[in-house]
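Notes for the one structure printed next.
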Amino acid sequence: MAYLLSAEVRAEIDKWLEKYPKDQKQSAVLTALHLAQEQNQGWLSEDVMDAVADYLDMPKIAVYEVASFYSMYELKPVGKHKIAVCTNISCMLRNSDQIVKHLEQRTGAKLNGTSEDGKFTLKEVECLGACVNAPMFQIGKEYYEKLTPEKVDEILDGLE
Amino acid sequence: MDKIDIEIDGKMVQVDPGSMIIEAADEAGIVIPRFCYHKKLSIAANCRMCLVDVEKARKPLPACATPVTSGMIVRTKSQLAREAQKSVMEFLLINHPLDCPICDQGGECELQDVAMGYGDDVSRFTEGKRSVKDKDIGPLVSTDMTRCIHCTRCIRFGEEVAGLRELGATGRGEHMEVGTYVAKSVKSELSGNIIDLCPVGALTSKPFRFSARAWELQQRNSIAVHDCVGSNTQLHIRRNEVMRVVPQENEAINETWLSDRDRFSYVGLNSDDRLTQPMIRQKDQWIEVDWPTAFVAMKDALTACIEQHGPEQVAAIASPNSTVEEFYLLQKVLRGLGSNNVDHRLRQKNFDDQDEVGAYPGLECNLSELAHMDSILLLGSNIHHEQPILGHRVRKAARRGAQVLALNPLKFNYHFPLAAESVVPPAELCDRLAGIAKALMETQQAPEDAKKLLANTVVSETDKVMAQHLLQAERAIILLGTLAQHHSHAATIRRLSRLICQMANVDLGWLTDGANAQGAWLAGAIPHRGPANSSLTAQGVTAHDAFEKALKAYVLMNVEPNLDCADGRQARHALTSADMVIALSTFKDPLLMEMAHILLPITPYSETAGTYVNVMGEWQTARAVVTPQGEARPGWKVLRVMGNMFNLPGFEYTSQSSVLAELKEQLDNASSSGGLQWVCPESLPNADKGYLERITQWPLYRVDPLVRRSQPLQETTLQDAVGIYMHSDQAAKLNLKAGDVAHIEQQGTATLNVFIDERVPLGSVYVPAGYLETADLSGGSIVVRRDK
């Protein structure tokens, strides 16, 4: 099973494992799942979760529990770009509804869905802690703040 | 440690420091409602139902997770406590369907009971309830997950007791679901316990489902009859029918648990092929007769046989699941007729050391001591499948830090980590034991003949590690499983084990076949000793020899010869050539129908009073809970009349207890056998057989006629399916691959599916017993080739 995790991912997990007691490998499960997700086109298939379980000597169900608990893990395939839009109070007051609507129009994906061409996934998320520059969304590891429809167009045009 | 005083509901209670309020209340008989708390599981404190009012606390506290402190004042029924409990109840019922009349748990539901006591009359919740898809987790446990209140008892049971974490809680908040996440069957031999643990109707018994209501059932105590543990059970009866089986708490034996085999075997009790009328074969026709006719026919046939061939041509072979009374009377009849050929050891091949056994083979420690061993060597034991409850105790020991060692002919999947493991072909088991013994000789005193015997033994690294663990442990035990006892060199294995025990100062435990091997030894259902270990002037032949010698007459008691015996093929041949086969049987076994001459219907355990002695030597008597089906009668009654028919003295019993009393009196008067001398094996068997060896074992749901007739157990995926299992390298050598059909010759023949299984050591193949498809195979070398 471990072959489902690339050598780089395994090396990175090993680095994390060093931080924890030897008999508590499960401590690294959050990082391991993030790495596995990144390597697997942004989502966690059962095979990949099983591979993580095997690698960390955990029961498979315990990995499923973790993966299904946190919303940052995707259990279904996602588009090439996952746009995580905040719609919490600060962003809402600064018109995040308009941003969502514009995103839906531009990408062809419905909120919490994926566009037909598989390029974009829109995901509604809770506060990401950037209220000071609301409204905002996150693509990959980047925050994009003080959004306007024009700025969104510019950002999306810059994506491959 | 000194106890501390606390006050609960105005009652002064003395409790151990460190215990929780709920434990103190339970001990004092004060009821605190709860769902997630269970005394055998870890504390989760997630249901909040046990909130109580503790003086000086700012808010109600969960009784299950609040340790007692000296002078604590707890109120479980104050207004604050009541309000808290009522509010929690309301929360728990938000998503729970209020449709008790169509729920299988209705009437025996903890949620229903607690809602009656602590809930409101009317629901204020008008919003939509969530619903959760049901999961298929196998043929034993039925799910209704919408009813789940997320107490997580089933999850904790899997992790803490069964040792297999299969169920989990996925999602969170409103979306949390208990299940397996991926579709799969639960694969634990203790899985049925989650039915008892589930406080609501989310997990219920699939075979029992919707067949009866709790208030229609009567509860009767009984004993489980499928392994040597003798778990205490309660049979639930309706209209003279056993509807289901649940555990009865007995801390010394099964705690609050029950294995699936003991729980679901009852389905076989009402199997269609129950024998309910005595039958006599006349010219290849079976005719049903009344009991007097059958008894006369039996007497005439046996008398003629004895007159013609002598009594030593008669053998009686009983299932190791028979009761003490049945064993005692069977041997009494047979010895009364002049034959000592009585045995219950159907699956053993080697009896050379039978005189070196004390009163009976068993465990010399109790089960709580077993769980406190520092090291345990499992020798040829698939303990989770052979004695699931003992597997749990060994796991407890392992969780406490015991070093568990395993020496097996198959790599078994234990639910605990092993400190050292050797998996070798059967022929090499003796060498590994010799290796351990020799490793011990470096530091320990050893008998001279043992030193000589092991002169050429090569000690492996694992042998050394095992020897070290056994030696260093303050208390250790070697457990002989059935694979060791069924071995063709079993005597050598046992003698070497004894040698190791002596040198390392550890205990030896035999985990015997069936429910009552200990009872059989004590009652004299063995050919070399009479009841209560009395010595005999002449020894009879063992079950194995009785079939090998092909005698003239056989009396069988609940034996399905081709499925239950060490060598089914040989048993079949012996019965075919016998003049007279009398079978006392609960079921119409097809083979008995083919070769028996007289069939006498005897009742299963639920329909007869009888005593079982478990592996710790505990005597347990079970009563009949339903009346016998048809003309079937308890075995002891049938045997008593057999004694009367032959005018044998001392067969005037009026009850099962009078039979038992007679044996007990003999045991009371028996002299203890004293310390038995260790006997050195003459030689070690040659490990290089030069041919392919067959490993065999009885899968856990193929061990006896009753279990084999329990359809739900047969549908589980836990036991090894019929087939031939081999290592991938072995398969390559034999030019076979997974999915192939192989033709097998071992005196007899079989055609079986090939399974690639890395548990099997090279040089051997594994073919399970207890299946019709493999019943024609015998002992010795095995030839495997691809079926054309």
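By order in the structure tokens, chains are A, B, ...; within a chain, residues start at 1; ligands start at 1, following the order shown.
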
- Query: Counting only C-alpha atoms, which residues of chain B come no farther than 7 Å from chain A, as a PyMOL selection string?
  - Reply: chain B and resi 165-172+180-181

Could the residues in this selection be written to a file with N, CA and C atoms, as a PDB file, in the first residue's frame?
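Writing done, so here's out05.pdb:
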```pdb
ATOM      1  N   ARG B 165     -10.185  -2.609  15.608  1.00  0.00           N
ATOM      2  CA  ARG B 165     -10.892  -1.342  15.508  1.00  0.00           C
ATOM      3  C   ARG B 165     -11.538  -1.306  14.138  1.00  0.00           C
ATOM      4  N   GLU B 166     -12.823  -1.657  14.093  1.00  0.00           N
ATOM      5  CA  GLU B 166     -13.502  -1.731  12.795  1.00  0.00           C
ATOM      6  C   GLU B 166     -14.563  -0.660  12.650  1.00  0.00           C
ATOM      7  N   LEU B 167     -15.251  -0.363  13.752  1.00  0.00           N
ATOM      8  CA  LEU B 167     -16.265   0.682  13.716  1.00  0.00           C
ATOM      9  C   LEU B 167     -15.626   1.987  14.161  1.00  0.00           C
ATOM     10  N   GLY B 168     -16.121   3.069  13.624  1.00  0.00           N
ATOM     11  CA  GLY B 168     -15.603   4.358  14.031  1.00  0.00           C
ATOM     12  C   GLY B 168     -16.666   5.415  13.837  1.00  0.00           C
ATOM     13  N   ALA B 169     -16.382   6.631  14.297  1.00  0.00           N
ATOM     14  CA  ALA B 169     -17.311   7.739  14.117  1.00  0.00           C
ATOM     15  C   ALA B 169     -16.727   8.663  13.068  1.00  0.00           C
ATOM     16  N   THR B 170     -17.335   8.682  11.892  1.00  0.00           N
ATOM     17  CA  THR B 170     -16.830   9.552  10.832  1.00  0.00           C
ATOM     18  C   THR B 170     -17.720  10.783  10.734  1.00  0.00           C
ATOM     19  N   GLY B 171     -17.190  11.825  10.141  1.00  0.00           N
ATOM     20  CA  GLY B 171     -17.923  13.091  10.064  1.00  0.00           C
ATOM     21  C   GLY B 171     -17.938  13.736  11.433  1.00  0.00           C
ATOM     22  N   ARG B 172     -18.551  14.893  11.514  1.00  0.00           N
ATOM     23  CA  ARG B 172     -18.603  15.526  12.832  1.00  0.00           C
ATOM     24  C   ARG B 172     -19.910  16.271  13.010  1.00  0.00           C
ATOM     25  N   THR B 180     -18.487   1.757   9.441  1.00  0.00           N
ATOM     26  CA  THR B 180     -17.174   1.276   9.021  1.00  0.00           C
ATOM     27  C   THR B 180     -16.565   2.176   7.954  1.00  0.00           C
ATOM     28  N   TYR B 181     -17.300   3.192   7.508  1.00  0.00           N
ATOM     29  CA  TYR B 181     -16.931   4.131   6.456  1.00  0.00           C
ATOM     30  C   TYR B 181     -16.928   3.451   5.099  1.00  0.00           C
TER      31      TYR B 181
END
```

- Message: Excluding Leu56 of chain A and its own-chain neighbours fewer than 5 positions away, which residues fall within 8 Å of it when counting only C-alpha atoms? Please give them as a ChimeraX atom specification.
- Response: /A:25-26,28-29

- Task: Using backbone DSSP assignments, extract all alpha helix (DSSP H) residues from segment 78-124 of chain A; output them as a PyMOL selection string.
- Result: chain A and resi 89-93+96-107

Please produce an output containing C-alpha atoms for each residue in the selection, written as a short mmCIF file (atom, residue, chain, number, x, y, z; two decimals), in the first residue's frame.
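Heads up, here's the output in out.cif:
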```cif
data_model
loop_
_atom_site.label_atom_id
_atom_site.label_comp_id
_atom_site.auth_asym_id
_atom_site.auth_seq_id
_atom_site.Cartn_x
_atom_site.Cartn_y
_atom_site.Cartn_z
CA ILE A 89 -19.82 37.59 9.04
CA SER A 90 -17.00 40.00 8.19
CA CYS A 91 -16.77 38.86 4.61
CA MET A 92 -20.54 38.78 4.33
CA LEU A 93 -20.80 42.40 5.50
CA SER A 96 -18.90 38.12 -0.14
CA ASP A 97 -22.24 37.13 -1.70
CA GLN A 98 -21.29 39.11 -4.76
CA ILE A 99 -17.91 37.39 -4.89
CA VAL A 100 -19.52 33.99 -4.69
CA LYS A 101 -21.98 34.87 -7.43
CA HIS A 102 -19.22 36.19 -9.62
CA LEU A 103 -17.10 33.12 -9.00
CA GLU A 104 -19.98 30.87 -9.95
CA GLN A 105 -20.49 32.79 -13.18
CA ARG A 106 -16.84 32.89 -14.08
CA THR A 107 -15.88 29.32 -13.25
#
```

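The residue set within 12 Å of Gly42 of chain A, counting only C-alpha atoms and dropping same-chain residues fewer than 6 places from it, reads A:Leu33, A:His34, A:Leu35, A:Ala36, A:Val48, A:Met72, A:Tyr73, A:Glu74, A:Leu75, A:Lys76, A:Pro77, A:Val78, A:Gly79, A:Lys80, A:His81, A:Lys82, A:Ile83, A:Phe120, A:Thr121, A:Ile139, A:Gly140.
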
- DSSP on the backbone: what in segment 3-107 of chain A comes out strand (DSSP E), as a list in words? His81, Lys82, Ile83, Ala84, Val85 and Cys86 of chain A

Those same residues - all heavy atoms - I'd like them written as a PDB file, in the first residue's frame.
```pdb
ATOM      1  N   HIS A  81      -8.089  23.790  -9.381  1.00  0.00           N
ATOM      2  CA  HIS A  81      -7.937  24.879  -8.412  1.00  0.00           C
ATOM      3  C   HIS A  81      -9.101  24.849  -7.433  1.00  0.00           C
ATOM      4  O   HIS A  81     -10.253  24.940  -7.840  1.00  0.00           O
ATOM      5  CB  HIS A  81      -7.917  26.233  -9.119  1.00  0.00           C
ATOM      6  CG  HIS A  81      -6.851  26.316 -10.153  1.00  0.00           C
ATOM      7  ND1 HIS A  81      -5.515  26.371  -9.838  1.00  0.00           N
ATOM      8  CD2 HIS A  81      -6.917  26.317 -11.507  1.00  0.00           C
ATOM      9  CE1 HIS A  81      -4.807  26.418 -10.948  1.00  0.00           C
ATOM     10  NE2 HIS A  81      -5.643  26.369 -11.986  1.00  0.00           N
ATOM     11  N   LYS A  82      -8.778  24.698  -6.166  1.00  0.00           N
ATOM     12  CA  LYS A  82      -9.833  24.721  -5.140  1.00  0.00           C
ATOM     13  C   LYS A  82      -9.892  26.134  -4.557  1.00  0.00           C
ATOM     14  O   LYS A  82      -8.920  26.608  -3.981  1.00  0.00           O
ATOM     15  CB  LYS A  82      -9.540  23.696  -4.049  1.00  0.00           C
ATOM     16  CG  LYS A  82     -10.624  23.656  -2.981  1.00  0.00           C
ATOM     17  CD  LYS A  82     -10.426  22.455  -2.055  1.00  0.00           C
ATOM     18  CE  LYS A  82      -9.673  22.870  -0.799  1.00  0.00           C
ATOM     19  NZ  LYS A  82      -9.528  21.764   0.166  1.00  0.00           N
ATOM     20  N   ILE A  83     -11.041  26.792  -4.778  1.00  0.00           N
ATOM     21  CA  ILE A  83     -11.190  28.158  -4.280  1.00  0.00           C
ATOM     22  C   ILE A  83     -12.041  28.101  -3.021  1.00  0.00           C
ATOM     23  O   ILE A  83     -13.217  27.730  -3.073  1.00  0.00           O
ATOM     24  CB  ILE A  83     -11.859  29.060  -5.329  1.00  0.00           C
ATOM     25  CG1 ILE A  83     -11.088  28.958  -6.659  1.00  0.00           C
ATOM     26  CG2 ILE A  83     -11.932  30.499  -4.826  1.00  0.00           C
ATOM     27  CD1 ILE A  83     -11.727  29.706  -7.803  1.00  0.00           C
ATOM     28  N   ALA A  84     -11.434  28.418  -1.891  1.00  0.00           N
ATOM     29  CA  ALA A  84     -12.137  28.351  -0.617  1.00  0.00           C
ATOM     30  C   ALA A  84     -12.596  29.765  -0.242  1.00  0.00           C
ATOM     31  O   ALA A  84     -11.790  30.617   0.133  1.00  0.00           O
ATOM     32  CB  ALA A  84     -11.221  27.775   0.455  1.00  0.00           C
ATOM     33  N   VAL A  85     -13.898  30.020  -0.418  1.00  0.00           N
ATOM     34  CA  VAL A  85     -14.418  31.374  -0.211  1.00  0.00           C
ATOM     35  C   VAL A  85     -14.985  31.505   1.188  1.00  0.00           C
ATOM     36  O   VAL A  85     -15.809  30.687   1.613  1.00  0.00           O
ATOM     37  CB  VAL A  85     -15.581  31.689  -1.183  1.00  0.00           C
ATOM     38  CG1 VAL A  85     -15.701  33.190  -1.384  1.00  0.00           C
ATOM     39  CG2 VAL A  85     -15.455  30.945  -2.464  1.00  0.00           C
ATOM     40  N   CYS A  86     -14.596  32.562   1.871  1.00  0.00           N
ATOM     41  CA  CYS A  86     -15.150  32.792   3.194  1.00  0.00           C
ATOM     42  C   CYS A  86     -16.485  33.526   3.061  1.00  0.00           C
ATOM     43  O   CYS A  86     -16.611  34.484   2.309  1.00  0.00           O
ATOM     44  CB  CYS A  86     -14.172  33.621   4.023  1.00  0.00           C
ATOM     45  SG  CYS A  86     -14.883  34.078   5.617  1.00  0.00           S
TER      46      CYS A  86
END
```

- Atomic separation - atom CA of Val9 of chain A relative to atom CA of Phe137 of chain A, Å: 27.0 Å
